file target-v4.cif (mmCIF, C-alpha atoms and all ligand atoms)
data_final
#
loop_
_atom_site.label_atom_id
_atom_site.label_comp_id
_atom_site.auth_asym_id
_atom_site.auth_seq_id
_atom_site.Cartn_x
_atom_site.Cartn_y
_atom_site.Cartn_z
CA MET A 1 12.86 -115.05 -29.15
CA GLN A 2 15.67 -114.33 -31.63
CA LYS A 3 15.24 -115.45 -35.23
CA PRO A 4 17.65 -118.26 -36.13
CA LEU A 5 20.86 -117.11 -37.77
CA LYS A 6 21.19 -118.06 -41.45
CA PHE A 7 24.42 -119.94 -42.09
CA ALA A 8 25.16 -120.13 -45.81
CA THR A 9 27.22 -123.19 -46.68
CA SER A 10 27.22 -126.19 -48.99
CA ASN A 11 28.83 -128.37 -46.32
CA GLU A 12 26.54 -130.32 -43.98
CA HIS A 13 29.37 -131.40 -41.67
CA LYS A 14 30.30 -127.79 -41.11
CA PHE A 15 26.68 -126.90 -40.50
CA SER A 16 26.20 -129.56 -37.83
CA GLU A 17 29.39 -128.50 -36.01
CA VAL A 18 28.37 -124.83 -36.13
CA SER A 19 24.86 -125.63 -34.96
CA ALA A 20 26.17 -127.72 -32.02
CA ILE A 21 28.74 -125.11 -30.96
CA LEU A 22 26.40 -122.11 -31.22
CA GLY A 23 23.81 -124.13 -29.29
CA ASP A 24 26.18 -123.86 -26.29
CA TYR A 25 25.75 -120.07 -26.56
CA ARG A 26 21.93 -120.33 -27.02
CA ILE A 27 22.10 -119.16 -30.64
CA SER A 28 20.08 -121.16 -33.15
CA VAL A 29 21.08 -121.49 -36.80
CA VAL A 30 19.45 -122.64 -40.01
CA MET A 31 21.35 -123.89 -43.02
CA ALA A 32 21.01 -121.87 -46.22
CA ARG A 33 22.32 -124.33 -48.77
CA LEU A 34 24.19 -122.04 -51.16
CA GLU A 35 27.20 -122.65 -53.38
CA LEU A 36 29.02 -119.35 -52.96
CA ARG A 37 31.62 -118.01 -55.34
CA GLU A 38 35.08 -117.96 -53.76
CA ILE A 39 37.32 -115.15 -54.95
CA GLN A 40 41.03 -115.89 -55.39
CA ALA A 41 42.87 -114.30 -52.48
CA ASP A 42 45.70 -115.21 -50.14
CA VAL A 43 43.82 -114.02 -47.08
CA LEU A 44 40.83 -115.98 -45.74
CA GLU A 45 39.23 -112.78 -44.36
CA GLU A 46 38.85 -111.36 -47.88
CA ILE A 47 37.29 -114.57 -49.18
CA ALA A 48 34.92 -114.87 -46.21
CA ALA A 49 33.86 -111.19 -46.39
CA GLU A 50 33.03 -111.53 -50.08
CA LYS A 51 31.11 -114.77 -49.49
CA ALA A 52 29.13 -113.04 -46.72
CA ARG A 53 28.22 -110.12 -49.01
CA GLU A 54 27.03 -112.53 -51.70
CA ALA A 55 25.03 -114.68 -49.23
CA CYS A 56 23.37 -111.62 -47.74
CA ARG A 57 22.46 -110.31 -51.20
CA ARG A 58 21.08 -113.66 -52.40
CA LEU A 59 19.11 -114.33 -49.22
CA ASP A 60 18.10 -110.69 -48.78
CA ALA A 61 18.70 -111.19 -45.06
CA PRO A 62 21.55 -111.15 -42.55
CA ALA A 63 23.80 -114.12 -43.19
CA MET A 64 26.88 -115.82 -41.81
CA VAL A 65 29.48 -117.80 -43.79
CA GLU A 66 32.78 -119.46 -42.99
CA ASP A 67 35.99 -119.99 -44.89
CA THR A 68 38.58 -122.46 -43.68
CA GLY A 69 42.09 -123.36 -44.74
CA LEU A 70 44.75 -125.83 -43.66
CA PHE A 71 48.18 -124.14 -43.75
CA ILE A 72 51.09 -126.60 -43.76
CA ASP A 73 54.41 -125.09 -42.63
CA GLY A 74 56.68 -127.43 -44.60
CA LEU A 75 54.76 -126.56 -47.79
CA GLY A 76 55.03 -122.79 -47.34
CA GLY A 77 51.44 -122.55 -46.07
CA PHE A 78 49.95 -124.63 -48.91
CA PRO A 79 47.08 -125.47 -49.45
CA GLY A 80 45.75 -122.53 -47.35
CA PRO A 81 42.99 -120.77 -49.30
CA TYR A 82 43.06 -123.59 -51.87
CA SER A 83 42.21 -126.28 -49.31
CA ALA A 84 38.86 -127.26 -50.85
CA TYR A 85 40.44 -127.73 -54.30
CA VAL A 86 43.37 -129.71 -52.90
CA PHE A 87 41.06 -131.92 -50.87
CA ARG A 88 39.01 -132.66 -53.99
CA THR A 89 42.04 -133.36 -56.17
CA LEU A 90 44.78 -134.83 -53.92
CA GLY A 91 42.80 -135.84 -50.85
CA ASN A 92 44.41 -136.72 -47.53
CA ARG A 93 46.61 -139.42 -49.05
CA GLY A 94 47.96 -136.96 -51.60
CA VAL A 95 48.80 -134.46 -48.86
CA LEU A 96 50.56 -137.18 -46.86
CA ARG A 97 52.59 -138.09 -49.96
CA LEU A 98 53.68 -134.45 -50.36
CA LEU A 99 55.03 -134.56 -46.82
CA GLU A 100 56.90 -137.87 -47.11
CA GLY A 101 60.32 -137.44 -45.49
CA ALA A 102 59.57 -133.83 -44.49
CA PRO A 103 61.28 -132.89 -41.21
CA ASP A 104 58.61 -130.29 -40.38
CA ARG A 105 54.98 -131.50 -40.13
CA GLY A 106 53.67 -128.39 -38.37
CA ALA A 107 50.35 -127.05 -39.64
CA THR A 108 47.63 -124.58 -38.67
CA PHE A 109 43.89 -124.81 -39.27
CA ARG A 110 42.51 -121.30 -39.81
CA SER A 111 38.89 -120.35 -39.90
CA VAL A 112 37.15 -117.05 -40.54
CA PHE A 113 33.43 -116.54 -39.98
CA ALA A 114 31.91 -113.47 -41.60
CA TYR A 115 28.54 -111.98 -40.75
CA CYS A 116 26.82 -109.47 -43.02
CA SER A 117 23.48 -107.70 -42.80
CA PRO A 118 21.80 -105.95 -45.75
CA ARG A 119 22.82 -102.42 -44.81
CA GLY A 120 26.08 -103.29 -43.09
CA SER A 121 29.56 -104.37 -44.06
CA PRO A 122 30.91 -107.82 -43.16
CA GLN A 123 32.25 -108.43 -39.65
CA CYS A 124 34.99 -111.09 -39.55
CA PHE A 125 35.80 -113.48 -36.72
CA PRO A 126 39.11 -115.29 -37.36
CA SER A 127 40.76 -118.03 -35.38
CA ALA A 128 43.62 -120.47 -35.70
CA VAL A 129 44.58 -123.75 -34.09
CA ALA A 130 48.19 -124.85 -34.36
CA GLY A 131 49.08 -128.51 -34.69
CA ALA A 132 50.70 -131.04 -36.99
CA ILE A 133 49.96 -133.40 -39.85
CA ALA A 134 49.73 -137.03 -38.71
CA PRO A 135 51.99 -139.64 -40.33
CA GLU A 136 48.91 -141.52 -41.59
CA CYS A 137 45.11 -141.16 -41.72
CA ARG A 138 43.57 -141.95 -38.34
CA GLY A 139 39.99 -141.94 -37.10
CA GLU A 140 36.77 -140.87 -38.76
CA GLY A 141 35.46 -137.38 -39.37
CA TRP A 142 35.36 -135.48 -42.62
CA GLY A 143 37.70 -133.44 -44.81
CA TYR A 144 41.16 -133.16 -43.29
CA ASP A 145 40.00 -134.50 -39.87
CA PRO A 146 41.92 -137.80 -40.17
CA ILE A 147 45.28 -136.07 -40.71
CA PHE A 148 45.20 -133.01 -38.43
CA ILE A 149 46.44 -133.24 -34.82
CA ALA A 150 45.66 -130.10 -32.83
CA GLU A 151 47.98 -128.97 -30.04
CA GLY A 152 46.49 -130.11 -26.75
CA ALA A 153 44.73 -133.12 -28.30
CA SER A 154 47.21 -135.66 -26.85
CA GLY A 155 48.37 -136.76 -30.28
CA ARG A 156 44.86 -137.62 -31.50
CA THR A 157 43.66 -136.41 -34.89
CA TYR A 158 40.42 -134.41 -35.17
CA GLY A 159 39.03 -137.64 -36.62
CA GLU A 160 39.86 -139.54 -33.42
CA LEU A 161 38.33 -136.92 -31.14
CA GLY A 162 34.67 -137.47 -32.02
CA HIS A 163 32.50 -134.79 -30.41
CA ASP A 164 35.50 -133.52 -28.42
CA LYS A 165 36.68 -131.88 -31.65
CA ASN A 166 34.05 -129.19 -31.05
CA ARG A 167 35.64 -128.26 -27.72
CA LEU A 168 39.00 -127.28 -29.15
CA SER A 169 38.62 -126.80 -32.91
CA HIS A 170 39.44 -123.73 -34.99
CA ARG A 171 35.66 -123.43 -35.47
CA ARG A 172 34.97 -123.31 -31.71
CA MET A 173 37.46 -120.47 -31.16
CA ALA A 174 36.00 -118.28 -33.92
CA LEU A 175 32.39 -118.98 -32.92
CA GLU A 176 33.10 -118.12 -29.30
CA ASN A 177 34.05 -114.58 -30.44
CA LEU A 178 31.11 -114.35 -32.83
CA ALA A 179 28.68 -115.44 -30.09
CA ARG A 180 30.12 -112.85 -27.69
CA TRP A 181 29.71 -110.16 -30.38
CA ILE A 182 26.11 -111.17 -31.06
CA HIS A 183 25.25 -111.08 -27.35
CA ASN A 184 27.10 -107.81 -26.69
CA SER A 185 25.69 -105.96 -29.67
CA GLY A 186 22.15 -107.14 -28.91
CA ASN A 187 22.14 -107.99 -32.60
CA SER A 188 18.50 -108.35 -33.60
CA ARG A 189 19.08 -110.19 -36.92
P1 LIG B 201 31.43 -123.86 -47.84
O1 LIG B 201 30.26 -124.12 -48.74
O2 LIG B 201 31.01 -123.45 -46.46
O3 LIG B 201 32.48 -122.96 -48.44
P2 LIG B 201 33.50 -125.93 -48.10
O4 LIG B 201 33.47 -127.39 -47.80
O5 LIG B 201 33.83 -125.49 -49.49
O6 LIG B 201 32.10 -125.32 -47.62
P3 LIG B 201 35.85 -124.45 -47.03
O7 LIG B 201 36.19 -123.87 -48.36
O8 LIG B 201 35.73 -123.51 -45.88
O9 LIG B 201 34.47 -125.27 -47.06
O10 LIG B 201 36.85 -125.59 -46.61
C1 LIG B 201 38.06 -125.83 -47.24
C2 LIG B 201 38.39 -127.32 -47.16
O11 LIG B 201 38.76 -127.62 -45.82
C3 LIG B 201 37.26 -128.24 -47.55
O12 LIG B 201 37.80 -129.33 -48.30
C4 LIG B 201 36.74 -128.77 -46.23
O13 LIG B 201 36.28 -130.12 -46.36
C5 LIG B 201 37.99 -128.71 -45.35
N1 LIG B 201 37.61 -128.42 -43.96
C6 LIG B 201 37.03 -127.30 -43.49
N2 LIG B 201 36.82 -127.39 -42.17
C7 LIG B 201 37.28 -128.61 -41.79
C8 LIG B 201 37.32 -129.32 -40.57
O14 LIG B 201 36.82 -128.81 -39.45
N3 LIG B 201 37.84 -130.53 -40.56
C9 LIG B 201 38.34 -131.09 -41.67
N4 LIG B 201 38.33 -130.51 -42.88
C10 LIG B 201 37.80 -129.27 -42.94
#
call {"tool": "encode", "arguments": {"input": "target-v4.cif", "output": "structure tokens"}}
result
Amino acid sequence: MQKPLKFATSNEHKFSEVSAILGDYRISVVMARLELREIQADVLEEIAAEKAREACRRLDAPAMVEDTGLFIDGLGGFPGPYSAYVFRTLGNRGVLRLLEGAPDRGATFRSVFAYCSPRGSPQCFPSAVAGAIAPECRGEGWGYDPIFIAEGASGRTYGELGHDKNRLSHRRMALENLARWIHNSGNSR
């Protein structure tokens, strides 16, 4: 039996989505509750790789992390790598205000998982889901769920999708590749 994969995050919602999705690929995960330093960079891969190195060092074991950003076209890709800060400061209502009257509501949710083992360098698994920002908050969920409508979701926000979010989310796409890599490489963890 494989040892469970350590997923270093401070976000319980993320952890439960990751655990449910990886369960579909018969990979078990445990949450390593760590507040990881996030370097300032424009590219999520760099942030995720650095977080993975730090998690691996602090846990002294192979570790996986994730970094996510919501990139809004009409705002030149903002908040992107600053999504956590913007969510804490402006929140969904603040983001909706920034887009008032904007002709373009296109947006992309990007996610990068990074896996690092003590003697290795981080492996990154990026993914992106295109969509749009809803005109108002709809549904439940967490973070930006109530305002993001993924393409192919019939106009429903992530927050209105319930468990169906896990079938089409940015997180699902990245984890599908990570799971394939783990199975193909016979990664022993
Ligand atoms: P970590 O400890 O794993 O870094 P975090 O909550 O800081 O957790 P991120 O920096 O990756 O996570 O996320 C940036 C922001 O985007 C943050 O405010 C999250 O709440 C939000 N977010 C991430 N994934 C989301 C999702 O699937 N749905 C809605 N909001 C999401």
call {"tool": "residues_around", "arguments": {"input": "target-v4.cif", "residues": "A:Met31", "least_positions_apart": "3", "cutoff": "7 Å", "atoms": "only C-alpha atoms", "output": "NGL selection string"}}
result
:A and (6-9 or 15)
call {"tool": "closest_residue", "arguments": {"input": "target-v4.cif", "among": "A:Pro118, A:Pro146, A:Gly69, A:Gly131", "to": "A:Leu96", "atoms": "all atoms listed in the file"}}
result
A:Pro146
call {"tool": "closest_atom_pairs", "arguments": {"input": "target-v4.cif", "of": "stretch 116-148 of chain A", "to": "stretch 106-111 of chain A", "cutoff": "7 Å", "atoms": "all atoms listed in the file", "output": "tab-separated table"}}
result
residue	atom	partner	partner_atom	distance
A:Pro126	CA	A:Ser111	CA	5.7
A:Ser127	CA	A:Ser111	CA	5.4
A:Ala128	CA	A:Arg110	CA	4.3
A:Val129	CA	A:Phe109	CA	5.3
A:Ala130	CA	A:Thr108	CA	4.4
A:Gly131	CA	A:Ala107	CA	5.3
A:Ala132	CA	A:Gly106	CA	4.2
A:Ile133	CA	A:Ala107	CA	6.4
call {"tool": "residues_near_point", "arguments": {"input": "target-v4.cif", "point": "(31.0, -122.1, -29.0)", "cutoff": "10 Å", "atoms": "all atoms listed in the file", "output": "list in words"}}
result
Glu17, Val18, Ser19, Ala20, Ile21, Leu22, Gly23, Asp24, Tyr25, Arg26, Ile27, Asn166, Arg167, Leu168, Ser169, Arg171, Arg172, Met173, Ala174, Leu175, Glu176, Asn177, Leu178, Ala179 and Arg180 of chain A
call {"tool": "atom_distance", "arguments": {"input": "target-v4.cif", "atom1": "atom CA of A:Lys51", "atom2": "atom CA of A:Phe125"}}
result
13.7 Å
call {"tool": "residues_near_ligand", "arguments": {"input": "target-v4.cif", "ligand": "ligand LIG 201 (chain B)", "cutoff": "9 Å", "atoms": "all atoms listed in the file", "output": "PyMOL selection string"}}
result
chain A and resi 7-15+17+33-38+48+51+65-70+80-88+91+109-112+141-148+158-159+165-166+169-171
call {"tool": "atom_distance", "arguments": {"input": "target-v4.cif", "atom1": "atom CA of A:Val29", "atom2": "atom CA of A:Leu5"}}
result
4.5 Å
call {"tool": "closest_residue", "arguments": {"input": "target-v4.cif", "among": "A:Arg105, A:Arg93, A:His183, A:Arg58", "to": "A:Ile72", "atoms": "only C-alpha atoms"}}
result
A:Arg105
call {"tool": "build_atoms", "arguments": {"input": "target-v4.cif", "residues": "stretch 129-161 of chain A", "atoms": "N, CA and C atoms", "output": "PDB file, in the frame of the given file"}}
result
ATOM      1  N   VAL A 129      44.131-122.720 -35.026  1.00  0.00           N
ATOM      2  CA  VAL A 129      44.580-123.750 -34.090  1.00  0.00           C
ATOM      3  C   VAL A 129      45.843-124.376 -34.676  1.00  0.00           C
ATOM      4  N   ALA A 130      46.919-124.293 -33.895  1.00  0.00           N
ATOM      5  CA  ALA A 130      48.190-124.850 -34.360  1.00  0.00           C
ATOM      6  C   ALA A 130      48.207-126.356 -34.095  1.00  0.00           C
ATOM      7  N   GLY A 131      48.992-127.058 -34.871  1.00  0.00           N
ATOM      8  CA  GLY A 131      49.080-128.510 -34.690  1.00  0.00           C
ATOM      9  C   GLY A 131      50.071-129.111 -35.659  1.00  0.00           C
ATOM     10  N   ALA A 132      49.780-130.327 -36.095  1.00  0.00           N
ATOM     11  CA  ALA A 132      50.700-131.040 -36.990  1.00  0.00           C
ATOM     12  C   ALA A 132      49.916-132.003 -37.869  1.00  0.00           C
ATOM     13  N   ILE A 133      50.566-132.401 -38.959  1.00  0.00           N
ATOM     14  CA  ILE A 133      49.960-133.400 -39.850  1.00  0.00           C
ATOM     15  C   ILE A 133      50.413-134.783 -39.396  1.00  0.00           C
ATOM     16  N   ALA A 134      49.440-135.663 -39.189  1.00  0.00           N
ATOM     17  CA  ALA A 134      49.730-137.030 -38.710  1.00  0.00           C
ATOM     18  C   ALA A 134      50.516-137.799 -39.762  1.00  0.00           C
ATOM     19  N   PRO A 135      51.249-138.843 -39.345  1.00  0.00           N
ATOM     20  CA  PRO A 135      51.990-139.640 -40.330  1.00  0.00           C
ATOM     21  C   PRO A 135      51.087-140.469 -41.233  1.00  0.00           C
ATOM     22  N   GLU A 136      49.853-140.770 -40.756  1.00  0.00           N
ATOM     23  CA  GLU A 136      48.910-141.520 -41.590  1.00  0.00           C
ATOM     24  C   GLU A 136      47.491-141.118 -41.204  1.00  0.00           C
ATOM     25  N   CYS A 137      46.507-141.494 -42.037  1.00  0.00           N
ATOM     26  CA  CYS A 137      45.110-141.160 -41.720  1.00  0.00           C
ATOM     27  C   CYS A 137      44.681-141.957 -40.495  1.00  0.00           C
ATOM     28  N   ARG A 138      44.057-141.261 -39.544  1.00  0.00           N
ATOM     29  CA  ARG A 138      43.570-141.950 -38.340  1.00  0.00           C
ATOM     30  C   ARG A 138      42.207-141.425 -37.938  1.00  0.00           C
ATOM     31  N   GLY A 139      41.300-142.336 -37.616  1.00  0.00           N
ATOM     32  CA  GLY A 139      39.990-141.940 -37.100  1.00  0.00           C
ATOM     33  C   GLY A 139      39.000-141.658 -38.220  1.00  0.00           C
ATOM     34  N   GLU A 140      37.870-141.089 -37.804  1.00  0.00           N
ATOM     35  CA  GLU A 140      36.770-140.870 -38.760  1.00  0.00           C
ATOM     36  C   GLU A 140      36.751-139.416 -39.177  1.00  0.00           C
ATOM     37  N   GLY A 141      35.567-138.804 -39.067  1.00  0.00           N
ATOM     38  CA  GLY A 141      35.460-137.380 -39.370  1.00  0.00           C
ATOM     39  C   GLY A 141      35.315-137.111 -40.850  1.00  0.00           C
ATOM     40  N   TRP A 142      35.559-135.896 -41.234  1.00  0.00           N
ATOM     41  CA  TRP A 142      35.360-135.480 -42.620  1.00  0.00           C
ATOM     42  C   TRP A 142      36.532-134.592 -43.027  1.00  0.00           C
ATOM     43  N   GLY A 143      36.636-134.323 -44.323  1.00  0.00           N
ATOM     44  CA  GLY A 143      37.700-133.440 -44.810  1.00  0.00           C
ATOM     45  C   GLY A 143      39.062-133.869 -44.284  1.00  0.00           C
ATOM     46  N   TYR A 144      39.793-132.901 -43.766  1.00  0.00           N
ATOM     47  CA  TYR A 144      41.160-133.160 -43.290  1.00  0.00           C
ATOM     48  C   TYR A 144      41.192-133.715 -41.853  1.00  0.00           C
ATOM     49  N   ASP A 145      40.037-134.002 -41.271  1.00  0.00           N
ATOM     50  CA  ASP A 145      40.000-134.500 -39.870  1.00  0.00           C
ATOM     51  C   ASP A 145      40.974-135.650 -39.601  1.00  0.00           C
ATOM     52  N   PRO A 146      41.053-136.654 -40.499  1.00  0.00           N
ATOM     53  CA  PRO A 146      41.920-137.800 -40.170  1.00  0.00           C
ATOM     54  C   PRO A 146      43.421-137.500 -40.164  1.00  0.00           C
ATOM     55  N   ILE A 147      43.826-136.319 -40.678  1.00  0.00           N
ATOM     56  CA  ILE A 147      45.280-136.070 -40.710  1.00  0.00           C
ATOM     57  C   ILE A 147      45.721-134.892 -39.845  1.00  0.00           C
ATOM     58  N   PHE A 148      44.780-134.185 -39.206  1.00  0.00           N
ATOM     59  CA  PHE A 148      45.200-133.010 -38.430  1.00  0.00           C
ATOM     60  C   PHE A 148      45.175-133.303 -36.927  1.00  0.00           C
ATOM     61  N   ILE A 149      46.324-133.071 -36.286  1.00  0.00           N
ATOM     62  CA  ILE A 149      46.440-133.240 -34.820  1.00  0.00           C
ATOM     63  C   ILE A 149      46.586-131.854 -34.209  1.00  0.00           C
ATOM     64  N   ALA A 150      45.590-131.422 -33.456  1.00  0.00           N
ATOM     65  CA  ALA A 150      45.660-130.100 -32.830  1.00  0.00           C
ATOM     66  C   ALA A 150      46.542-130.157 -31.590  1.00  0.00           C
ATOM     67  N   GLU A 151      47.227-129.052 -31.300  1.00  0.00           N
ATOM     68  CA  GLU A 151      47.980-128.970 -30.040  1.00  0.00           C
ATOM     69  C   GLU A 151      46.987-129.162 -28.901  1.00  0.00           C
ATOM     70  N   GLY A 152      47.378-129.911 -27.902  1.00  0.00           N
ATOM     71  CA  GLY A 152      46.490-130.110 -26.750  1.00  0.00           C
ATOM     72  C   GLY A 152      45.531-131.269 -26.938  1.00  0.00           C
ATOM     73  N   ALA A 153      45.650-132.001 -28.065  1.00  0.00           N
ATOM     74  CA  ALA A 153      44.730-133.120 -28.300  1.00  0.00           C
ATOM     75  C   ALA A 153      45.394-134.467 -28.001  1.00  0.00           C
ATOM     76  N   SER A 154      46.493-134.443 -27.255  1.00  0.00           N
ATOM     77  CA  SER A 154      47.210-135.660 -26.850  1.00  0.00           C
ATOM     78  C   SER A 154      47.536-136.566 -28.037  1.00  0.00           C
ATOM     79  N   GLY A 155      47.936-135.961 -29.128  1.00  0.00           N
ATOM     80  CA  GLY A 155      48.370-136.760 -30.280  1.00  0.00           C
ATOM     81  C   GLY A 155      47.236-137.343 -31.104  1.00  0.00           C
ATOM     82  N   ARG A 156      45.982-137.059 -30.728  1.00  0.00           N
ATOM     83  CA  ARG A 156      44.860-137.620 -31.500  1.00  0.00           C
ATOM     84  C   ARG A 156      44.467-136.669 -32.631  1.00  0.00           C
ATOM     85  N   THR A 157      44.113-137.248 -33.773  1.00  0.00           N
ATOM     86  CA  THR A 157      43.660-136.410 -34.890  1.00  0.00           C
ATOM     87  C   THR A 157      42.242-135.905 -34.572  1.00  0.00           C
ATOM     88  N   TYR A 158      41.823-134.865 -35.292  1.00  0.00           N
ATOM     89  CA  TYR A 158      40.420-134.410 -35.170  1.00  0.00           C
ATOM     90  C   TYR A 158      39.485-135.606 -35.367  1.00  0.00           C
ATOM     91  N   GLY A 159      39.872-136.490 -36.296  1.00  0.00           N
ATOM     92  CA  GLY A 159      39.030-137.640 -36.620  1.00  0.00           C
ATOM     93  C   GLY A 159      38.916-138.623 -35.466  1.00  0.00           C
ATOM     94  N   GLU A 160      39.902-138.629 -34.573  1.00  0.00           N
ATOM     95  CA  GLU A 160      39.860-139.540 -33.420  1.00  0.00           C
ATOM     96  C   GLU A 160      39.184-138.906 -32.211  1.00  0.00           C
ATOM     97  N   LEU A 161      38.870-137.619 -32.310  1.00  0.00           N
ATOM     98  CA  LEU A 161      38.330-136.920 -31.140  1.00  0.00           C
ATOM     99  C   LEU A 161      36.823-137.038 -31.001  1.00  0.00           C
TER     100      LEU A 161
END
